[in-house]
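Peer 1: Pasting entry_12.tsv below, which is TSV, C-alpha atoms and all ligand atoms.
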chain	number	residue	atom	x	y	z
A	1	VAL	CA	17.96	-14.02	-11.41
A	2	LYS	CA	21.40	-13.47	-9.92
A	3	GLY	CA	22.41	-11.01	-12.65
A	4	PHE	CA	19.13	-9.10	-12.47
A	5	HIS	CA	20.64	-5.83	-11.36
A	6	VAL	CA	23.74	-6.01	-13.55
A	7	GLN	CA	22.89	-3.82	-16.51
A	8	ASP	CA	25.08	-5.33	-19.22
A	9	GLN	CA	23.94	-8.88	-18.39
A	10	THR	CA	20.24	-8.07	-18.90
A	11	THR	CA	18.65	-10.61	-21.23
A	12	SER	CA	15.62	-9.93	-23.40
A	13	LEU	CA	13.53	-12.01	-20.97
A	14	GLU	CA	14.61	-9.77	-18.08
A	15	ARG	CA	13.90	-6.64	-20.15
A	16	LYS	CA	10.44	-8.02	-20.81
A	17	ALA	CA	9.88	-8.52	-17.05
A	18	THR	CA	10.95	-4.88	-16.54
A	19	ASP	CA	8.36	-3.79	-19.10
A	20	VAL	CA	5.65	-5.78	-17.27
A	21	VAL	CA	6.55	-4.16	-13.97
A	22	SER	CA	6.61	-0.68	-15.61
A	23	ASP	CA	3.16	-1.29	-17.10
A	24	LEU	CA	1.78	-2.47	-13.76
A	25	ILE	CA	3.18	0.57	-11.94
A	26	LYS	CA	1.68	2.75	-14.63
A	27	ALA	CA	-1.74	1.10	-14.07
A	28	ARG	CA	-1.42	1.43	-10.31
A	29	TYR	CA	-0.81	5.19	-10.61
A	30	ALA	CA	-3.29	5.65	-13.48
A	31	GLY	CA	-0.43	6.50	-15.82
A	32	ARG	CA	0.19	9.73	-13.93
A	33	GLU	CA	3.51	8.82	-12.46
A	34	VAL	CA	5.80	6.01	-13.47
A	35	PRO	CA	8.70	5.57	-11.08
A	36	ARG	CA	11.51	3.29	-12.19
A	37	ALA	CA	11.65	-0.04	-10.38
A	38	ASN	CA	13.85	-3.08	-10.38
A	39	THR	CA	11.95	-6.21	-11.15
A	40	PHE	CA	11.61	-9.58	-9.47
A	41	PRO	CA	8.77	-12.09	-9.70
A	42	MET	CA	7.22	-11.30	-6.31
A	43	LEU	CA	7.04	-7.58	-7.16
A	44	GLU	CA	5.13	-8.45	-10.31
A	45	THR	CA	2.62	-10.49	-8.28
A	46	MET	CA	2.19	-7.68	-5.76
A	47	LEU	CA	1.77	-4.95	-8.36
A	48	ALA	CA	-0.79	-7.06	-10.24
A	49	HIS	CA	-3.07	-7.41	-7.17
A	50	ARG	CA	-6.81	-7.01	-7.75
A	51	SER	CA	-9.63	-8.05	-5.45
A	52	VAL	CA	-11.59	-10.83	-7.16
A	53	ARG	CA	-15.31	-11.22	-6.50
A	54	ALA	CA	-16.32	-13.64	-9.29
A	55	TYR	CA	-15.19	-17.24	-8.97
A	56	LEU	CA	-15.37	-20.53	-10.82
A	57	ASP	CA	-16.45	-23.62	-8.85
A	58	ASP	CA	-12.97	-25.22	-8.99
A	59	PRO	CA	-11.79	-26.03	-5.46
A	60	VAL	CA	-8.56	-24.68	-4.00
A	61	HIS	CA	-6.00	-27.47	-4.12
A	62	PRO	CA	-5.09	-28.64	-0.57
A	63	GLU	CA	-1.37	-28.31	-1.35
A	64	ASP	CA	-1.90	-24.72	-2.47
A	65	LEU	CA	-3.79	-23.99	0.74
A	66	SER	CA	-0.92	-25.54	2.75
A	67	ALA	CA	1.61	-23.40	0.89
A	68	ALA	CA	-0.42	-20.25	1.58
A	69	ILE	CA	-0.74	-21.09	5.28
A	70	ALA	CA	3.02	-21.72	5.45
A	71	ALA	CA	3.53	-18.30	3.82
A	72	ALA	CA	1.16	-16.80	6.44
A	73	GLN	CA	3.12	-18.44	9.26
A	74	SER	CA	6.32	-17.09	7.74
A	75	ALA	CA	5.21	-13.48	8.27
A	76	ALA	CA	6.88	-11.45	10.98
A	77	THR	CA	4.95	-11.62	14.25
A	78	SER	CA	5.32	-9.34	17.26
A	79	SER	CA	7.83	-10.92	19.74
A	80	ASN	CA	7.07	-14.25	18.03
A	81	LEU	CA	3.78	-14.24	19.99
A	82	GLN	CA	1.92	-15.57	16.92
A	83	ALA	CA	-1.26	-14.04	18.31
A	84	TRP	CA	-3.41	-15.15	15.37
A	85	SER	CA	-5.21	-18.19	14.01
A	86	VAL	CA	-7.24	-18.90	10.91
A	87	ILE	CA	-10.34	-21.01	10.19
A	88	VAL	CA	-10.67	-22.79	6.85
A	89	VAL	CA	-14.30	-22.84	5.72
A	90	THR	CA	-15.40	-24.86	2.68
A	91	ASP	CA	-18.76	-26.24	3.92
A	92	PRO	CA	-21.32	-24.49	1.66
A	93	GLU	CA	-23.92	-24.16	4.41
A	94	ARG	CA	-21.51	-22.65	6.91
A	95	LYS	CA	-20.17	-20.36	4.19
A	96	SER	CA	-23.70	-19.27	3.38
A	97	ARG	CA	-24.49	-18.50	7.04
A	98	LEU	CA	-21.27	-16.49	7.30
A	99	ALA	CA	-22.15	-14.67	4.07
A	100	THR	CA	-25.48	-13.68	5.62
A	101	LEU	CA	-23.64	-12.24	8.62
A	102	ALA	CA	-21.17	-10.41	6.33
A	103	ALA	CA	-23.60	-8.09	4.54
A	104	ASN	CA	-24.93	-10.96	2.43
A	105	GLN	CA	-22.04	-10.72	-0.02
A	106	ALA	CA	-22.71	-13.15	-2.87
A	107	HIS	CA	-19.04	-13.87	-3.61
A	108	ILE	CA	-18.64	-15.47	-0.16
A	109	ARG	CA	-21.19	-18.10	-1.14
A	110	LYS	CA	-19.68	-18.51	-4.60
A	111	ALA	CA	-16.01	-18.79	-3.55
A	112	PRO	CA	-14.91	-22.39	-2.94
A	113	LEU	CA	-12.85	-21.32	0.08
A	114	LEU	CA	-13.34	-18.79	2.86
A	115	LEU	CA	-10.60	-18.13	5.40
A	116	VAL	CA	-11.50	-16.33	8.60
A	117	TRP	CA	-8.46	-14.63	10.11
A	118	LEU	CA	-8.49	-14.31	13.88
A	119	ALA	CA	-6.77	-12.16	16.49
A	120	ASP	CA	-6.13	-14.89	19.03
A	121	LEU	CA	-5.09	-14.17	22.62
A	122	SER	CA	-6.51	-17.45	23.97
A	123	ARG	CA	-3.25	-19.36	23.37
A	124	LEU	CA	-1.27	-16.73	25.24
A	125	ARG	CA	-3.82	-16.91	28.11
A	126	LYS	CA	-3.20	-20.68	28.24
A	127	ALA	CA	0.60	-20.24	28.14
A	128	SER	CA	0.30	-17.74	31.01
A	129	ARG	CA	-1.70	-20.21	33.10
A	130	LEU	CA	0.76	-23.04	32.35
A	131	GLU	CA	3.59	-20.81	33.53
A	132	ASP	CA	1.68	-19.45	36.57
A	133	GLN	CA	1.93	-15.94	35.15
A	134	PRO	CA	-0.88	-13.41	35.67
A	135	GLY	CA	-1.24	-12.65	31.93
A	136	ASP	CA	-2.47	-9.16	32.87
A	137	GLY	CA	-0.88	-7.68	29.74
A	138	LEU	CA	-3.49	-9.54	27.68
A	139	ASP	CA	-6.16	-7.24	29.11
A	140	TYR	CA	-4.76	-4.17	27.37
A	141	LEU	CA	-5.74	-2.66	24.02
A	142	GLU	CA	-2.09	-3.09	22.99
A	143	LEU	CA	-2.40	-6.88	22.94
A	144	PHE	CA	-5.68	-6.82	21.00
A	145	LEU	CA	-3.95	-4.58	18.46
A	146	THR	CA	-0.98	-6.98	18.40
A	147	GLY	CA	-3.32	-9.86	17.54
A	148	ALA	CA	-5.07	-7.82	14.83
A	149	ILE	CA	-1.74	-6.73	13.32
A	150	ASP	CA	-0.40	-10.30	13.42
A	151	ALA	CA	-3.54	-11.58	11.68
A	152	ALA	CA	-3.24	-8.87	9.01
A	153	LEU	CA	0.42	-9.56	8.30
A	154	ALA	CA	-0.19	-13.31	8.10
A	155	SER	CA	-3.24	-12.93	5.84
A	156	GLN	CA	-1.45	-10.56	3.53
A	157	ASN	CA	1.38	-13.08	3.07
A	158	ALA	CA	-1.28	-15.69	2.25
A	159	GLN	CA	-2.98	-13.35	-0.22
A	160	VAL	CA	0.27	-12.76	-2.09
A	161	ALA	CA	0.99	-16.51	-2.08
A	162	PHE	CA	-2.50	-17.34	-3.44
A	163	GLU	CA	-2.15	-14.69	-6.14
A	164	ALA	CA	1.30	-16.04	-7.06
A	165	MET	CA	-0.35	-19.46	-7.50
A	166	GLY	CA	-2.94	-17.98	-9.85
A	167	TYR	CA	-5.91	-17.66	-7.47
A	168	GLY	CA	-8.08	-14.60	-6.94
A	169	THR	CA	-8.88	-13.39	-3.43
A	170	CYS	CA	-10.92	-10.76	-1.62
A	171	TYR	CA	-10.75	-9.58	1.98
A	172	ILE	CA	-14.09	-9.52	3.82
A	173	GLY	CA	-14.12	-6.78	6.45
A	174	SER	CA	-17.88	-7.25	6.93
A	175	MET	CA	-16.98	-10.31	9.01
A	176	ARG	CA	-16.67	-7.73	11.83
A	177	SER	CA	-20.28	-6.54	11.54
A	178	TYR	CA	-21.64	-9.34	13.74
A	179	PRO	CA	-18.51	-10.79	15.37
A	180	GLU	CA	-20.32	-12.57	18.19
A	181	GLU	CA	-22.54	-14.45	15.73
A	182	VAL	CA	-19.45	-15.31	13.64
A	183	ALA	CA	-17.73	-16.47	16.84
A	184	ALA	CA	-20.69	-18.72	17.68
A	185	GLU	CA	-20.69	-20.19	14.15
A	186	LEU	CA	-16.96	-20.94	14.33
A	187	LYS	CA	-16.98	-21.99	18.02
A	188	LEU	CA	-14.39	-19.35	18.91
A	189	PRO	CA	-13.30	-19.35	22.57
A	190	PRO	CA	-13.13	-16.08	24.56
A	191	GLU	CA	-10.38	-13.65	23.53
A	192	VAL	CA	-10.53	-14.75	19.88
A	193	PHE	CA	-11.87	-12.23	17.38
A	194	PRO	CA	-12.58	-12.55	13.63
A	195	VAL	CA	-10.59	-9.63	12.17
A	196	PHE	CA	-11.72	-10.29	8.59
A	197	GLY	CA	-12.48	-13.04	6.13
A	198	MET	CA	-10.85	-13.77	2.80
A	199	THR	CA	-12.48	-15.47	-0.18
A	200	ILE	CA	-10.26	-17.52	-2.50
A	201	GLY	CA	-10.86	-19.25	-5.81
A	202	ARG	CA	-10.10	-19.31	-9.51
A	203	GLU	CA	-11.28	-16.08	-11.11
A	204	ASP	CA	-14.21	-16.32	-13.52
A	205	PRO	CA	-12.54	-15.37	-16.83
A	206	ALA	CA	-15.84	-13.86	-18.00
A	207	LYS	CA	-15.66	-11.24	-15.25
A	208	VAL	CA	-12.03	-10.18	-15.07
A	209	THR	CA	-11.34	-6.78	-13.48
A	210	SER	CA	-8.37	-4.40	-13.80
A	211	VAL	CA	-5.71	-3.10	-11.46
A	212	LYS	CA	-7.32	-0.30	-9.43
A	213	PRO	CA	-5.36	2.96	-9.35
A	214	ARG	CA	-4.14	4.24	-6.01
A	215	LEU	CA	-3.38	7.74	-4.72
A	216	PRO	CA	-0.26	9.31	-6.16
A	217	ARG	CA	2.86	8.09	-4.44
A	218	HIS	CA	3.79	11.57	-3.18
A	219	SER	CA	0.50	11.92	-1.30
A	220	ILE	CA	1.18	8.90	0.91
A	221	CYS	CA	5.00	8.75	1.02
A	222	PHE	CA	6.88	11.74	2.46
A	223	ASN	CA	10.55	12.49	2.87
A	224	GLU	CA	11.62	13.01	6.49
A	225	SER	CA	8.39	14.62	7.75
A	226	TYR	CA	4.68	14.70	6.98
A	227	ASP	CA	3.68	17.02	4.15
A	228	ALA	CA	0.02	17.63	3.34
A	229	SER	CA	0.65	20.71	1.18
A	230	ALA	CA	-0.41	19.03	-2.09
A	231	GLN	CA	-3.29	17.07	-0.57
A	232	GLU	CA	-6.20	18.92	-2.15
A	233	THR	CA	-4.69	18.90	-5.63
A	234	ASP	CA	-3.78	15.21	-5.22
A	235	LEU	CA	-7.33	14.33	-4.18
A	236	GLY	CA	-8.74	16.17	-7.20
A	237	ASP	CA	-6.30	14.34	-9.50
A	238	TYR	CA	-7.15	11.00	-7.92
A	239	ASN	CA	-10.89	11.64	-8.25
A	240	SER	CA	-10.45	12.09	-11.99
A	241	ALA	CA	-8.16	9.00	-12.22
A	242	MET	CA	-10.86	6.95	-10.47
A	243	ARG	CA	-13.55	8.39	-12.74
A	244	ASP	CA	-11.52	7.26	-15.77
A	245	PHE	CA	-11.09	3.80	-14.19
A	246	GLN	CA	-14.83	3.52	-13.44
A	247	THR	CA	-15.70	4.57	-17.00
A	248	ARG	CA	-13.36	1.91	-18.43
A	249	GLN	CA	-14.83	-0.72	-16.06
A	250	SER	CA	-18.46	0.34	-16.74
A	251	MET	CA	-18.90	1.04	-13.04
A	252	PRO	CA	-21.15	3.74	-11.54
A	253	LEU	CA	-19.23	7.04	-11.42
A	254	VAL	CA	-18.52	8.17	-7.88
A	255	SER	CA	-15.48	10.18	-6.85
A	256	TRP	CA	-13.09	8.73	-4.27
A	257	THR	CA	-13.63	11.66	-1.89
A	258	GLN	CA	-17.39	11.24	-2.17
A	259	LYS	CA	-17.35	7.46	-1.68
A	260	SER	CA	-14.79	7.51	1.13
A	261	SER	CA	-16.38	10.40	3.02
A	262	ARG	CA	-19.74	8.62	2.88
A	263	ARG	CA	-18.08	5.43	4.15
A	264	VAL	CA	-17.05	7.27	7.35
A	265	ALA	CA	-19.90	9.82	7.57
A	266	THR	CA	-21.78	8.59	10.65
A	267	ALA	CA	-21.84	5.77	13.19
A	268	ASP	CA	-24.50	4.10	11.01
A	269	SER	CA	-22.10	4.13	8.04
A	270	LEU	CA	-20.00	1.59	9.95
A	271	LYS	CA	-22.77	-1.00	9.50
A	272	ASN	CA	-22.97	-2.18	13.09
A	273	ARG	CA	-19.21	-1.97	13.56
A	274	ASP	CA	-19.79	1.15	15.69
A	275	GLN	CA	-20.68	-1.47	18.33
A	276	LEU	CA	-17.25	-3.07	18.12
A	277	LYS	CA	-15.89	-2.00	21.50
A	278	HIS	CA	-18.93	-3.44	23.31
A	279	CYS	CA	-18.76	-6.68	21.27
A	280	LEU	CA	-15.07	-7.07	22.04
A	281	ARG	CA	-15.68	-6.64	25.78
A	282	ARG	CA	-18.38	-9.32	25.67
A	283	MET	CA	-15.95	-11.55	23.74
A	284	GLY	CA	-13.46	-11.39	26.62
A	285	PHE	CA	-11.21	-8.50	25.62
A	286	ALA	CA	-10.89	-6.00	28.47
A	287	LEU	CA	-9.23	-3.35	26.22
A	288	LYS	CA	-7.74	-1.40	29.15
B	301	LIG	C1	-9.47	-5.28	5.58
B	301	LIG	C2	-10.20	-5.26	4.27
B	301	LIG	C3	-11.56	-5.53	4.24
B	301	LIG	C4	-12.25	-5.59	3.03
B	301	LIG	N1	-13.57	-5.94	3.03
B	301	LIG	C5	-14.21	-6.14	1.84
B	301	LIG	C6	-15.53	-6.66	1.83
B	301	LIG	O1	-16.16	-6.93	2.86
B	301	LIG	N2	-16.11	-6.88	0.62
B	301	LIG	C7	-15.46	-6.63	-0.57
B	301	LIG	O2	-16.04	-6.88	-1.63
B	301	LIG	N3	-14.20	-6.13	-0.57
B	301	LIG	C8	-13.56	-5.88	0.59
B	301	LIG	N4	-12.26	-5.43	0.61
B	301	LIG	C9	-11.56	-5.17	-0.67
B	301	LIG	C10	-11.38	-3.68	-0.92
B	301	LIG	O3	-12.61	-3.12	-1.29
B	301	LIG	C11	-10.34	-3.50	-2.03
B	301	LIG	O4	-9.10	-4.00	-1.57
B	301	LIG	C12	-10.17	-2.04	-2.41
B	301	LIG	O5	-11.34	-1.54	-3.02
B	301	LIG	C13	-9.02	-1.88	-3.42
B	301	LIG	O6	-9.26	-2.66	-4.58
B	301	LIG	P1	-8.23	-3.79	-5.06
B	301	LIG	O7	-8.00	-4.72	-3.90
B	301	LIG	O8	-8.87	-4.47	-6.23
B	301	LIG	O9	-6.98	-3.07	-5.45
B	301	LIG	C14	-11.56	-5.32	1.81
B	301	LIG	C15	-10.20	-5.03	1.85
B	301	LIG	C16	-9.52	-5.01	3.06
B	301	LIG	C17	-8.04	-4.73	3.06
Now, as a test, write the supplied structure out as structure tokens.
Peer 2:
Amino acid sequence: VKGFHVQDQTTSLERKATDVVSDLIKARYAGREVPRANTFPMLETMLAHRSVRAYLDDPVHPEDLSAAIAAAQSAATSSNLQAWSVIVVTDPERKSRLATLAANQAHIRKAPLLLVWLADLSRLRKASRLEDQPGDGLDYLELFLTGAIDAALASQNAQVAFEAMGYGTCYIGSMRSYPEEVAAELKLPPEVFPVFGMTIGREDPAKVTSVKPRLPRHSICFNESYDASAQETDLGDYNSAMRDFQTRQSMPLVSWTQKSSRRVATADSLKNRDQLKHCLRRMGFALK
């Protein structure tokens, strides 16, 4: 690994790893753009990410879960506040009730493990009381956002760790559709909010999916200042890349612009999450 970047020391094994990374980048950009990249094992894991929604019954090994949680706790966290927590759910009945609350998604029931990632200000409220501090900062939107960001960074580290250990995972944003009911199920105290769930398990080899192409790099990454000049062309290109992907995967054909614009069309399109601000206030977040 040490000599990875030294050209004349490259072994055939390292060249092979470079080919894998090149192929994955090609898949990620639908073959339209293949930037050169150095390779290292973690990059390969990240580039190979796919959401997995079909699982075998095999349980997640407790040591693997511990490793993933350690990876999550190793993520950067704003001012070391660690304003997040996570609930490990394996009980089939609880998982089923949570699936019902999360748009009835079948893969939540099927996955052997569900993690519910939480923005958690309750610990900081306690620390404030212990130190006779007012804790007024906790009442601001900024601290809710801090908790949500912390939870996202931690969960993403866990996702990469699980994928590196050969598991498949899928985020569950629908856990926010009925957050108060989720909170009751998980006995969450005030000022603790389920940001999203994550299913984990061994992927069913009969239902393996492919790397999903993303927008071209130049439409999300700009040099020095924002540049939307190529946006319309890029969206057209991406629509056809996604159509090709859907054809290969035998999925219904729907362009990205069509699907995404429908997803944000009206308050109703948010599937009860248009109520979020009111739910959060009832859950103890003042959001000043
Ligand atoms: C915060 C978040 C919430 C998500 N919620 C769901 C969900 O409720 N159900 C689901 O099947 N996939 C969900 N996903 C997965 C996305 O649909 C998926 O990441 C996206 O389509 C890209 O596909 P890929 O992950 O296979 O590359 C979610 C992803 C994120 C990041």
Peer 1: Ligand LIG 301 (chain B): which residues are within 10 Å, counting all atoms listed in the file? Reply as a PyMOL selection string.
Peer 2: chain A and resi 28+47-53+99+102-108+152+155-156+169-177+195-199+209-214
Peer 1: Using all atoms listed in the file, which residues of segment 26-92 of chain A come within 10 Å of segment 124-137 of chain A, and what is the closest atom pair for each, with the distance in Å to one decimal? Give it as CSV, sorted by chain and residue number.
Peer 2:
residue,atom,partner,partner_atom,distance
A:Leu81,CA,A:Leu124,CA,7.7
A:Gln82,CA,A:Leu124,CA,9.0
A:Ala83,CA,A:Leu124,CA,7.4
Peer 1: Can you pull out the residues contacting Met251 of chain A? Cut-off 12 Å, using all atoms listed in the file, and skip same-chain residues under 4 positions away; I want them as a short mmCIF file (atom, residue, chain, number, x, y, z; two decimals) with C-alpha atoms, keeping the file's coordinate frame.
Peer 2:
data_model
loop_
_atom_site.label_atom_id
_atom_site.label_comp_id
_atom_site.auth_asym_id
_atom_site.auth_seq_id
_atom_site.Cartn_x
_atom_site.Cartn_y
_atom_site.Cartn_z
CA THR A 209 -11.34 -6.78 -13.48
CA SER A 210 -8.37 -4.40 -13.80
CA MET A 242 -10.86 6.95 -10.47
CA ARG A 243 -13.55 8.39 -12.74
CA ASP A 244 -11.52 7.26 -15.77
CA PHE A 245 -11.09 3.80 -14.19
CA GLN A 246 -14.83 3.52 -13.44
CA THR A 247 -15.70 4.57 -17.00
CA SER A 255 -15.48 10.18 -6.85
#
Peer 1: Distance atom CA of Pro59 of chain A-atom CA of Ala111 of chain A, one decimal place?
Peer 2: 8.6 Å
Peer 1: Taking into account all atoms listed in the file, which residue in the set A:Val34, A:Tyr178, A:Lys110, A:Asp23 is nearest to Arg217 of chain A?
Peer 2: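 So, comparing all the options, the nearest one is A:Val34.
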Peer 1: Suppose you want the space between atom CA of Pro194 of chain A and atom CA of Leu115 of chain A; what is it in Å?
Peer 2: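 Those two atoms sit 10.1 Å apart.
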Peer 1: Go through A:Ala286, A:Leu101, A:Ala154, A:Cys221 one by one, measure the shortest atom-to-atom distance of each to Ala72 of chain A using all atoms listed in the file, and give the residue with the smallest value.
Peer 2: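 Ranking A:Ala286, A:Leu101, A:Ala154, A:Cys221 by distance to Ala72 of chain A, first place goes to A:Ala154.
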Peer 1: For a cutoff of 12 Å around the file-coordinate point (2.8, -8.1, -10.3), which residues qualify once you count all atoms listed in the file? I'd like the result as a PyMOL selection string.
Peer 2: chain A and resi 17-28+37+39-50+160-161+163-164+166+211
Peer 1: Considering only C-alpha atoms, can you say which of A:Asn38, A:Asn239, A:Thr77, A:Asn272 comes closest to Lys259 of chain A?
Peer 2: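 Smallest distance to Lys259 of chain A is found for A:Asn239.
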Peer 1: So what do you get for atom CA of Tyr140 of chain A versus atom CA of Glu191 of chain A, distance-wise?
Peer 2: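 Between atom CA of Tyr140 of chain A and atom CA of Glu191 of chain A the gap works out to 11.7 Å.
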Peer 1: Compare A:Ser78, A:Gln159, A:Thr100, A:Asn223 by their minimum atom-to-atom distance to Asp64 of chain A, counting all atoms listed in the file, and give me the closest one.
Peer 2: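 Of all the options, A:Gln159 lies closest to Asp64 of chain A.
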